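File shown here: entry36.cif, holding mmCIF, C-alpha atoms.
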data_my_file
#
loop_
_atom_site.label_atom_id
_atom_site.label_comp_id
_atom_site.auth_asym_id
_atom_site.auth_seq_id
_atom_site.Cartn_x
_atom_site.Cartn_y
_atom_site.Cartn_z
CA MET A 1 0.00 0.00 0.00
CA THR A 2 1.20 3.50 -0.73
CA PRO A 3 2.29 5.80 2.14
CA GLU A 4 -0.55 7.94 3.48
CA THR A 5 -1.14 10.62 6.05
CA PRO A 6 -1.69 8.81 9.38
CA GLY A 7 -5.35 7.84 9.59
CA SER A 8 -6.21 9.03 6.10
CA GLY A 9 -6.83 5.52 4.80
CA SER A 10 -8.34 3.91 7.89
CA THR A 11 -11.69 3.28 6.21
CA VAL A 12 -10.11 1.67 3.17
CA ARG A 13 -7.77 -0.37 5.37
CA ARG A 14 -10.79 -1.74 7.25
CA ILE A 15 -12.40 -2.73 3.95
CA LEU A 16 -9.16 -4.27 2.69
CA LEU A 17 -8.58 -6.23 5.90
CA GLY A 18 -12.21 -7.36 5.96
CA SER A 19 -12.02 -8.65 2.39
CA GLN A 20 -8.83 -10.58 3.15
CA LEU A 21 -10.36 -12.14 6.27
CA ARG A 22 -13.43 -13.15 4.24
CA ARG A 23 -11.18 -14.77 1.62
CA LEU A 24 -9.26 -16.70 4.28
CA ARG A 25 -12.47 -17.85 5.97
CA GLU A 26 -14.01 -19.06 2.71
CA GLU A 27 -10.80 -20.84 1.67
CA LYS A 28 -10.84 -22.71 4.99
CA GLY A 29 -14.55 -23.50 4.70
CA VAL A 30 -15.42 -21.82 8.00
CA THR A 31 -18.94 -20.42 8.46
CA ARG A 32 -19.54 -16.91 9.75
CA GLN A 33 -21.30 -18.47 12.73
CA ASP A 34 -18.23 -20.53 13.68
CA ALA A 35 -15.93 -17.55 13.17
CA GLY A 36 -18.17 -15.45 15.40
CA TYR A 37 -18.08 -18.10 18.13
CA VAL A 38 -14.27 -17.96 18.26
CA ILE A 39 -14.22 -14.20 18.91
CA ARG A 40 -17.35 -14.22 21.11
CA ALA A 41 -19.38 -12.34 18.49
CA SER A 42 -22.48 -12.88 16.37
CA GLU A 43 -22.61 -14.00 12.76
CA SER A 44 -23.77 -10.50 11.81
CA LYS A 45 -20.71 -9.01 13.54
CA ILE A 46 -18.45 -11.16 11.34
CA SER A 47 -20.38 -9.92 8.31
CA ARG A 48 -19.85 -6.28 9.35
CA LEU A 49 -16.15 -6.93 9.99
CA GLU A 50 -15.71 -8.50 6.56
CA LEU A 51 -17.42 -5.52 4.94
CA GLY A 52 -15.12 -3.11 6.82
CA ARG A 53 -18.03 -1.37 8.52
CA VAL A 54 -16.78 -1.70 12.10
CA SER A 55 -13.39 -1.39 13.77
CA PHE A 56 -11.20 -4.41 14.49
CA LYS A 57 -9.76 -5.62 17.79
CA GLU A 58 -6.24 -6.89 17.20
CA ARG A 59 -6.94 -9.83 19.52
CA ASP A 60 -9.96 -10.84 17.42
CA VAL A 61 -7.95 -10.69 14.20
CA ASP A 62 -5.24 -12.80 15.84
CA ASP A 63 -7.79 -15.43 16.90
CA LEU A 64 -9.40 -15.48 13.43
CA LEU A 65 -6.02 -15.93 11.75
CA THR A 66 -5.38 -18.93 14.00
CA LEU A 67 -8.80 -20.37 13.14
CA TYR A 68 -8.10 -19.87 9.41
CA GLY A 69 -4.74 -21.63 9.67
CA VAL A 70 -2.54 -18.64 8.88
CA GLY A 71 0.78 -19.80 10.31
CA ASP A 72 3.22 -17.80 8.21
CA LYS A 73 4.70 -15.15 10.53
CA THR A 74 5.17 -12.56 7.78
CA GLU A 75 1.59 -12.85 6.48
CA ARG A 76 0.22 -12.88 9.98
CA GLU A 77 2.13 -9.79 11.08
CA SER A 78 1.18 -7.96 7.89
CA LEU A 79 -2.53 -8.49 8.60
CA LEU A 80 -2.17 -7.58 12.28
CA GLN A 81 -0.36 -4.38 11.29
CA LEU A 82 -3.22 -3.63 8.89
CA ALA A 83 -5.64 -4.07 11.82
CA ARG A 84 -3.65 -1.59 13.92
CA GLU A 85 -3.57 0.96 11.10
CA ALA A 86 -7.27 0.45 10.35
CA ASN A 87 -8.14 1.68 13.84
CA THR A 88 -6.17 4.92 13.52
CA PRO A 89 -8.66 7.83 13.52
CA GLY A 90 -8.67 9.99 10.39
CA TRP A 91 -8.20 13.77 10.51
CA TRP A 92 -11.95 14.23 10.01
CA HIS A 93 -12.77 12.60 13.36
CA ARG A 94 -12.21 15.91 15.10
CA TYR A 95 -15.40 17.03 13.34
CA ASN A 96 -17.43 14.19 14.88
CA ASP A 97 -19.86 16.58 16.54
CA VAL A 98 -21.01 17.93 13.14
CA LEU A 99 -20.31 14.88 10.96
CA PRO A 100 -22.98 12.13 10.75
CA ASN A 101 -21.65 8.57 11.11
CA TRP A 102 -22.84 7.62 7.63
CA PHE A 103 -20.89 10.51 6.10
CA GLN A 104 -17.70 9.75 8.06
CA THR A 105 -17.45 6.57 5.99
CA TYR A 106 -17.69 8.59 2.78
CA VAL A 107 -15.00 11.08 3.83
CA GLY A 108 -12.67 8.17 4.63
CA LEU A 109 -13.30 6.57 1.24
CA GLU A 110 -12.94 9.89 -0.60
CA GLU A 111 -9.65 10.53 1.19
CA SER A 112 -8.20 7.28 -0.14
CA ALA A 113 -9.69 7.25 -3.64
CA ALA A 114 -7.49 7.50 -6.72
CA LEU A 115 -10.43 8.41 -8.99
CA ILE A 116 -13.64 10.24 -8.03
CA ARG A 117 -16.42 10.47 -10.62
CA THR A 118 -19.50 12.40 -9.56
CA TYR A 119 -22.79 13.63 -11.00
CA GLU A 120 -24.74 16.42 -9.28
CA LEU A 121 -28.03 18.05 -10.21
CA GLN A 122 -28.94 20.11 -7.14
CA PHE A 123 -25.68 21.76 -6.05
CA VAL A 124 -22.09 22.12 -7.18
CA PRO A 125 -20.20 19.08 -5.76
CA GLY A 126 -18.62 19.71 -2.36
CA LEU A 127 -15.07 19.25 -3.69
CA LEU A 128 -15.66 22.08 -6.18
CA GLN A 129 -17.50 24.58 -3.99
CA SER A 130 -16.11 28.02 -3.27
CA GLU A 131 -16.06 29.02 0.40
CA GLY A 132 -18.97 31.45 -0.02
CA TYR A 133 -21.08 28.92 -1.90
CA ALA A 134 -20.26 26.16 0.62
CA ARG A 135 -21.35 28.39 3.49
CA ALA A 136 -24.63 29.22 1.74
CA VAL A 137 -25.38 25.54 0.98
CA ILE A 138 -24.53 24.46 4.53
CA ARG A 139 -26.81 27.14 5.97
CA LEU A 140 -29.67 25.85 3.79
CA GLY A 141 -29.24 22.31 5.08
CA ASN A 142 -28.71 23.26 8.73
CA ALA A 143 -31.31 25.88 9.50
CA GLY A 144 -31.00 27.09 13.07
CA ALA A 145 -27.44 25.78 13.54
CA ALA A 146 -25.08 27.92 15.63
CA GLU A 147 -22.50 29.99 13.77
CA HIS A 148 -19.57 27.99 15.16
CA GLU A 149 -21.17 24.79 13.81
CA ILE A 150 -21.55 26.35 10.36
CA ASP A 151 -17.89 27.40 10.53
CA GLN A 152 -16.85 23.82 11.40
CA ARG A 153 -18.79 22.36 8.51
CA VAL A 154 -17.30 24.87 6.06
CA GLU A 155 -13.81 24.17 7.42
CA LEU A 156 -14.32 20.42 6.94
CA ARG A 157 -15.46 20.91 3.35
CA LEU A 158 -12.50 23.13 2.51
CA GLN A 159 -10.09 20.67 4.09
CA ARG A 160 -11.51 17.87 1.96
CA GLN A 161 -10.72 20.00 -1.10
CA GLU A 162 -7.04 20.36 -0.16
CA ARG A 163 -6.30 16.86 -1.41
CA LEU A 164 -7.05 17.94 -4.99
CA THR A 165 -3.89 20.05 -4.99
CA GLY A 166 -1.82 17.79 -2.71
CA PRO A 167 1.08 15.48 -3.60
CA ASP A 168 -1.08 12.37 -4.24
CA ALA A 169 -4.10 14.18 -5.66
CA PRO A 170 -6.91 12.00 -7.00
CA ARG A 171 -8.43 12.40 -10.44
CA LEU A 172 -11.77 14.20 -10.14
CA TRP A 173 -14.25 13.97 -12.99
CA ALA A 174 -17.47 15.88 -12.29
CA VAL A 175 -20.62 16.21 -14.39
CA LEU A 176 -22.89 19.07 -13.26
CA ASP A 177 -26.47 19.35 -14.36
CA GLU A 178 -27.14 22.85 -15.69
CA GLY A 179 -29.84 23.15 -13.01
CA ALA A 180 -27.15 23.10 -10.30
CA LEU A 181 -25.59 26.16 -11.90
CA ARG A 182 -28.79 28.03 -12.65
CA ARG A 183 -30.14 27.65 -9.12
CA PRO A 184 -29.20 30.89 -7.27
CA ILE A 185 -27.48 30.01 -4.00
CA GLY A 186 -26.37 32.82 -1.71
CA GLY A 187 -27.08 35.61 -4.18
CA PRO A 188 -25.35 36.98 -7.33
CA GLU A 189 -21.99 37.70 -5.69
CA VAL A 190 -21.70 34.17 -4.29
CA MET A 191 -22.67 32.67 -7.65
CA ARG A 192 -20.13 34.79 -9.51
CA GLY A 193 -17.45 33.60 -7.10
CA GLN A 194 -18.55 30.01 -7.65
CA PHE A 195 -18.39 30.29 -11.45
CA GLU A 196 -14.91 31.83 -11.22
CA HIS A 197 -13.86 29.03 -8.86
CA LEU A 198 -15.08 26.33 -11.26
CA ILE A 199 -13.18 27.93 -14.13
CA GLU A 200 -10.00 27.96 -12.03
CA MET A 201 -10.51 24.37 -10.84
CA SER A 202 -10.97 23.20 -14.43
CA LYS A 203 -7.39 24.29 -15.11
CA LEU A 204 -6.00 21.67 -12.73
CA PRO A 205 -4.54 18.70 -14.66
CA ASN A 206 -6.37 16.20 -12.43
CA VAL A 207 -9.81 17.87 -12.63
CA THR A 208 -12.34 17.46 -15.45
CA ILE A 209 -15.67 19.32 -15.35
CA GLN A 210 -18.57 18.88 -17.75
CA ILE A 211 -22.05 20.43 -17.85
CA MET A 212 -25.15 18.45 -18.78
CA PRO A 213 -27.22 21.17 -20.54
CA PHE A 214 -30.99 21.61 -20.30
CA ARG A 215 -31.30 21.43 -24.07
CA PHE A 216 -30.25 17.78 -24.06
CA GLY A 217 -33.50 16.82 -22.33
CA GLY A 218 -33.69 13.47 -20.52
CA HIS A 219 -30.44 11.61 -19.88
CA ALA A 220 -28.86 8.49 -18.39
CA ALA A 221 -28.78 9.63 -14.72
CA GLU A 222 -32.53 9.56 -14.19
CA GLY A 223 -32.00 8.20 -10.67
CA GLY A 224 -30.32 11.37 -9.40
CA ALA A 225 -26.93 12.33 -8.01
CA PHE A 226 -24.22 9.73 -7.31
CA THR A 227 -20.47 9.35 -6.88
CA ILE A 228 -18.20 6.48 -7.95
CA LEU A 229 -14.96 5.97 -6.03
CA ARG A 230 -12.01 3.91 -7.29
CA PHE A 231 -9.00 3.01 -5.15
CA PRO A 232 -5.34 2.30 -5.90
CA GLU A 233 -5.52 -1.07 -4.11
CA GLN A 234 -6.42 -3.72 -6.68
CA ASP A 235 -8.14 -5.86 -4.01
CA LEU A 236 -10.79 -3.20 -3.46
CA PRO A 237 -13.90 -2.89 -5.63
CA ASP A 238 -15.26 0.43 -6.85
CA VAL A 239 -17.82 1.92 -4.47
CA VAL A 240 -20.92 3.87 -5.51
CA TYR A 241 -22.14 6.47 -2.99
CA VAL A 242 -25.77 7.57 -3.15
CA GLU A 243 -26.93 10.09 -0.54
CA ASN A 244 -30.42 10.84 0.75
CA LEU A 245 -31.86 13.15 3.43
CA THR A 246 -31.16 10.86 6.38
CA GLY A 247 -28.27 8.66 5.27
CA ALA A 248 -26.51 7.08 2.33
CA MET A 249 -26.05 3.82 0.44
CA TYR A 250 -22.64 2.35 -0.35
CA LEU A 251 -22.86 -0.08 -3.27
CA ASP A 252 -19.98 -2.37 -4.23
CA LYS A 253 -21.67 -5.34 -5.91
CA ARG A 254 -20.37 -5.67 -9.45
CA ASP A 255 -23.80 -5.47 -11.11
CA ASP A 256 -24.75 -2.33 -9.18
CA VAL A 257 -21.43 -0.62 -9.87
CA ASP A 258 -21.58 -1.51 -13.57
CA THR A 259 -25.03 0.09 -13.86
CA TYR A 260 -23.74 3.38 -12.43
CA LEU A 261 -20.54 3.21 -14.49
CA GLN A 262 -22.59 2.87 -17.66
CA ALA A 263 -24.75 5.84 -16.64
CA MET A 264 -21.63 7.92 -15.93
CA GLU A 265 -20.04 7.01 -19.27
CA ARG A 266 -23.25 8.00 -21.06
CA LEU A 267 -23.38 11.29 -19.15
CA CYS A 268 -19.80 12.13 -20.12
CA VAL A 269 -20.50 11.40 -23.80
CA ASP A 270 -23.73 13.42 -23.86
CA SER A 271 -22.57 16.41 -21.79
CA ALA A 272 -20.74 19.48 -23.07
CA THR A 273 -17.03 18.84 -23.56
CA PRO A 274 -14.65 20.20 -20.90
CA GLU A 275 -13.63 22.98 -23.30
CA ARG A 276 -17.22 23.92 -24.08
CA THR A 277 -18.03 23.74 -20.36
CA VAL A 278 -15.49 26.48 -19.62
CA GLU A 279 -17.18 28.64 -22.29
CA LEU A 280 -20.60 27.98 -20.72
CA LEU A 281 -19.26 28.91 -17.28
CA GLY A 282 -17.95 32.15 -18.76
CA ASP A 283 -21.42 32.85 -20.21
CA LEU A 284 -23.03 32.22 -16.81
CA LEU A 285 -20.49 34.50 -15.14
CA ARG A 286 -21.33 37.33 -17.53
CA GLU A 287 -25.09 36.77 -17.05
CA THR A 288 -24.93 36.90 -13.25
#
As structure tokens - that is how I would like this structure written.
Amino acid sequence: MTPETPGSGSTVRRILLGSQLRRLREEKGVTRQDAGYVIRASESKISRLELGRVSFKERDVDDLLTLYGVGDKTERESLLQLAREANTPGWWHRYNDVLPNWFQTYVGLEESAALIRTYELQFVPGLLQSEGYARAVIRLGNAGAAEHEIDQRVELRLQRQERLTGPDAPRLWAVLDEGALRRPIGGPEVMRGQFEHLIEMSKLPNVTIQIMPFRFGGHAAEGGAFTILRFPEQDLPDVVYVENLTGAMYLDKRDDVDTYLQAMERLCVDSATPERTVELLGDLLRET
């Protein structure tokens, strides 16, 4: 695995460790129920561990490795080290008081992704929001929140964006529905700043932005906004993130992912080219 900021890949490490433990269990022919008995846990707990959705106790991993017949000291220590690293809190955990549990998982995955492909129809994606626009959007979604809480949420969003210009920046490919750009958020000055910000972000070599124009009519993403995350670790599947008002779905089954990948490919073909998108953003800037 590539070097990372301490804690930045804890979510992905949990998923990676879980998938390796599932492989070892299946190769040995051990049921989830029997594995759970060994670590004094339920069958459902083993399922959550193998999906990387809960933290690992090093003692439990050690006991499972014994059950699965992993005797090689090097392999064993490698997996135990992965368990220790998987429990290291990420930088975003200091925002726990304003960060829902279901979104903590997303931030951890986003932090470790090598490729982020996203489609948005309501707002500009969080990774591409200017500070003024982000503050306006966060206020809309958190009516009545104290000012210090709004500040924390804006700070978190801006810190997420820093990775785009960091040493191991991911590739970001965003398709924005024209409606997200026509919807006035925060007033004309905020929108002008957002259009300028998108034009600047489009100049980054690792960022591609396209607009899905109204004139195209219906299109492939009839189900709404979604994000596809791809990781540098070959053992990890792509993950599709679909958010709703009270939570989110994380899809990694091949058939589900393929459906969203096909929709994203269609969107990219049908949308304005990146070059034409910059021209459209310039038009919107002049109109505002």
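Restricting the calculation to only C-alpha atoms, the smallest distance between Arg13 in chain A and any of A:Ile211, A:Leu204, A:Leu99, A:Leu236 is found for A:Leu236.
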One decimal place gives the CA of Glu222 in chain A-CA of Val257 in chain A separation as 15.7 Å
For the structure provided, state which residues fall under the PyMOL selection byres ((chain A and resi 73-77) around 12), and present them as a PyMOL selection string. chain A and resi 17+20-21+24+58+61-66+68-72+78-84
The PyMOL selection byres ((chain A and resi 94) around 12) resolved against shown file, as a PyMOL selection string: chain A and resi 7+89-93+95-99+104+152-153+155-156
For range 36-43 of chain A, find every residue with an atom within 9 Å (counting only C-alpha atoms), except residues of its own chain fewer than 2 positions away, and show them as a ChimeraX atom specification. /A:31-34,45-48,59-61,63-64,67
Excluding Glu162 in chain A and any residue of its chain fewer than 3 positions from it, enumerate the residues within 12 Å of it, using all atoms listed in the file, and give them as a VMD selection string. chain A and resid 111 126 to 129 155 to 159 165 to 170 201
Computed interatomic separation between CA of Val239 in chain A and CA of Val124 in chain A (Å):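 These two atoms are separated by 20.8 Å.
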Residues matched by the PyMOL selection byres ((chain A and resi 226) around 8) as a VMD selection string: chain A and resid 118 to 120 224 to 225 227 to 228 240 to 243
Same residues, C-alpha atoms, output as a PDB file, keeping the file's coordinate frame:
ATOM      1  CA  THR A 118     -19.500  12.400  -9.560  1.00  0.00           C
ATOM      2  CA  TYR A 119     -22.790  13.630 -11.000  1.00  0.00           C
ATOM      3  CA  GLU A 120     -24.740  16.420  -9.280  1.00  0.00           C
ATOM      4  CA  GLY A 224     -30.320  11.370  -9.400  1.00  0.00           C
ATOM      5  CA  ALA A 225     -26.930  12.330  -8.010  1.00  0.00           C
ATOM      6  CA  THR A 227     -20.470   9.350  -6.880  1.00  0.00           C
ATOM      7  CA  ILE A 228     -18.200   6.480  -7.950  1.00  0.00           C
ATOM      8  CA  VAL A 240     -20.920   3.870  -5.510  1.00  0.00           C
ATOM      9  CA  TYR A 241     -22.140   6.470  -2.990  1.00  0.00           C
ATOM     10  CA  VAL A 242     -25.770   7.570  -3.150  1.00  0.00           C
ATOM     11  CA  GLU A 243     -26.930  10.090  -0.540  1.00  0.00           C
TER      12      GLU A 243
END
List the neighbours of range 266-281 of chain A out to 7 Å using all atoms listed in the file; skip same-chain residues closer than 6 positions along the sequence, and give me the result as number ranges by chain. A: 195, 199, 208-213, 220
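Computed from the coordinates, the CA of Glu196 in chain A to CA of Leu285 in chain A distance equals 7.3 Å.
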Return the single residue from A:Lys203, A:Arg230, A:Arg192, A:Arg22 that is closest to Ala113 in chain A, with distances computed using all atoms listed in the file.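 When distances to Ala113 in chain A are compared using all atoms listed in the file, the smallest one comes from A:Arg230.
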The residue from A:Ala143, A:Leu229, A:Leu164, A:Ala263 with the smallest atom-to-atom distance to Ser202 in chain A, counting only C-alpha atoms, is A:Leu164
Please identify all polymer residues lying at most 9 Å from the point (-18.2, -8.7, 2.3) (file coordinates), using only C-alpha atoms, and present the result as a list of chain:residue names.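 With a cut-off of 9 Å, the residues come to A:Ile15, A:Gly18, A:Ser19, A:Arg22, A:Ser47, A:Arg48, A:Leu49, A:Glu50, A:Leu51, A:Gly52.
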Counting all atoms listed in the file, figure out which residue out of A:Pro205, A:Gly132, A:Pro232, A:Gly141 gets nearest to Glu189 in chain A.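 Closest residue, counting all atoms listed in the file: A:Gly132.
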If you count all atoms listed in the file, which residues fall within 7 Å of Arg171 in chain A, apart from same-chain ones fewer than 2 positions away, as a CSV table (one decimal) with C-alpha atoms, in the coordinates of the input?
chain,number,residue,atom,x,y,z
A,114,ALA,CA,-7.5,7.5,-6.7
A,115,LEU,CA,-10.4,8.4,-9.0
A,116,ILE,CA,-13.6,10.2,-8.0
A,169,ALA,CA,-4.1,14.2,-5.7
A,173,TRP,CA,-14.2,14.0,-13.0
A,206,ASN,CA,-6.4,16.2,-12.4
A,207,VAL,CA,-9.8,17.9,-12.6
Using all atoms listed in the file, which of the listed residues (A:Gly223, A:Pro237, A:Gly179, A:Pro184) sits closest to Val137 in chain A? A:Pro184
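Considering the residues A:Thr11, A:Trp102, A:Ala174, A:Leu284 and counting all atoms listed in the file, Met249 in chain A has its shortest atom-to-atom contact with A:Trp102.
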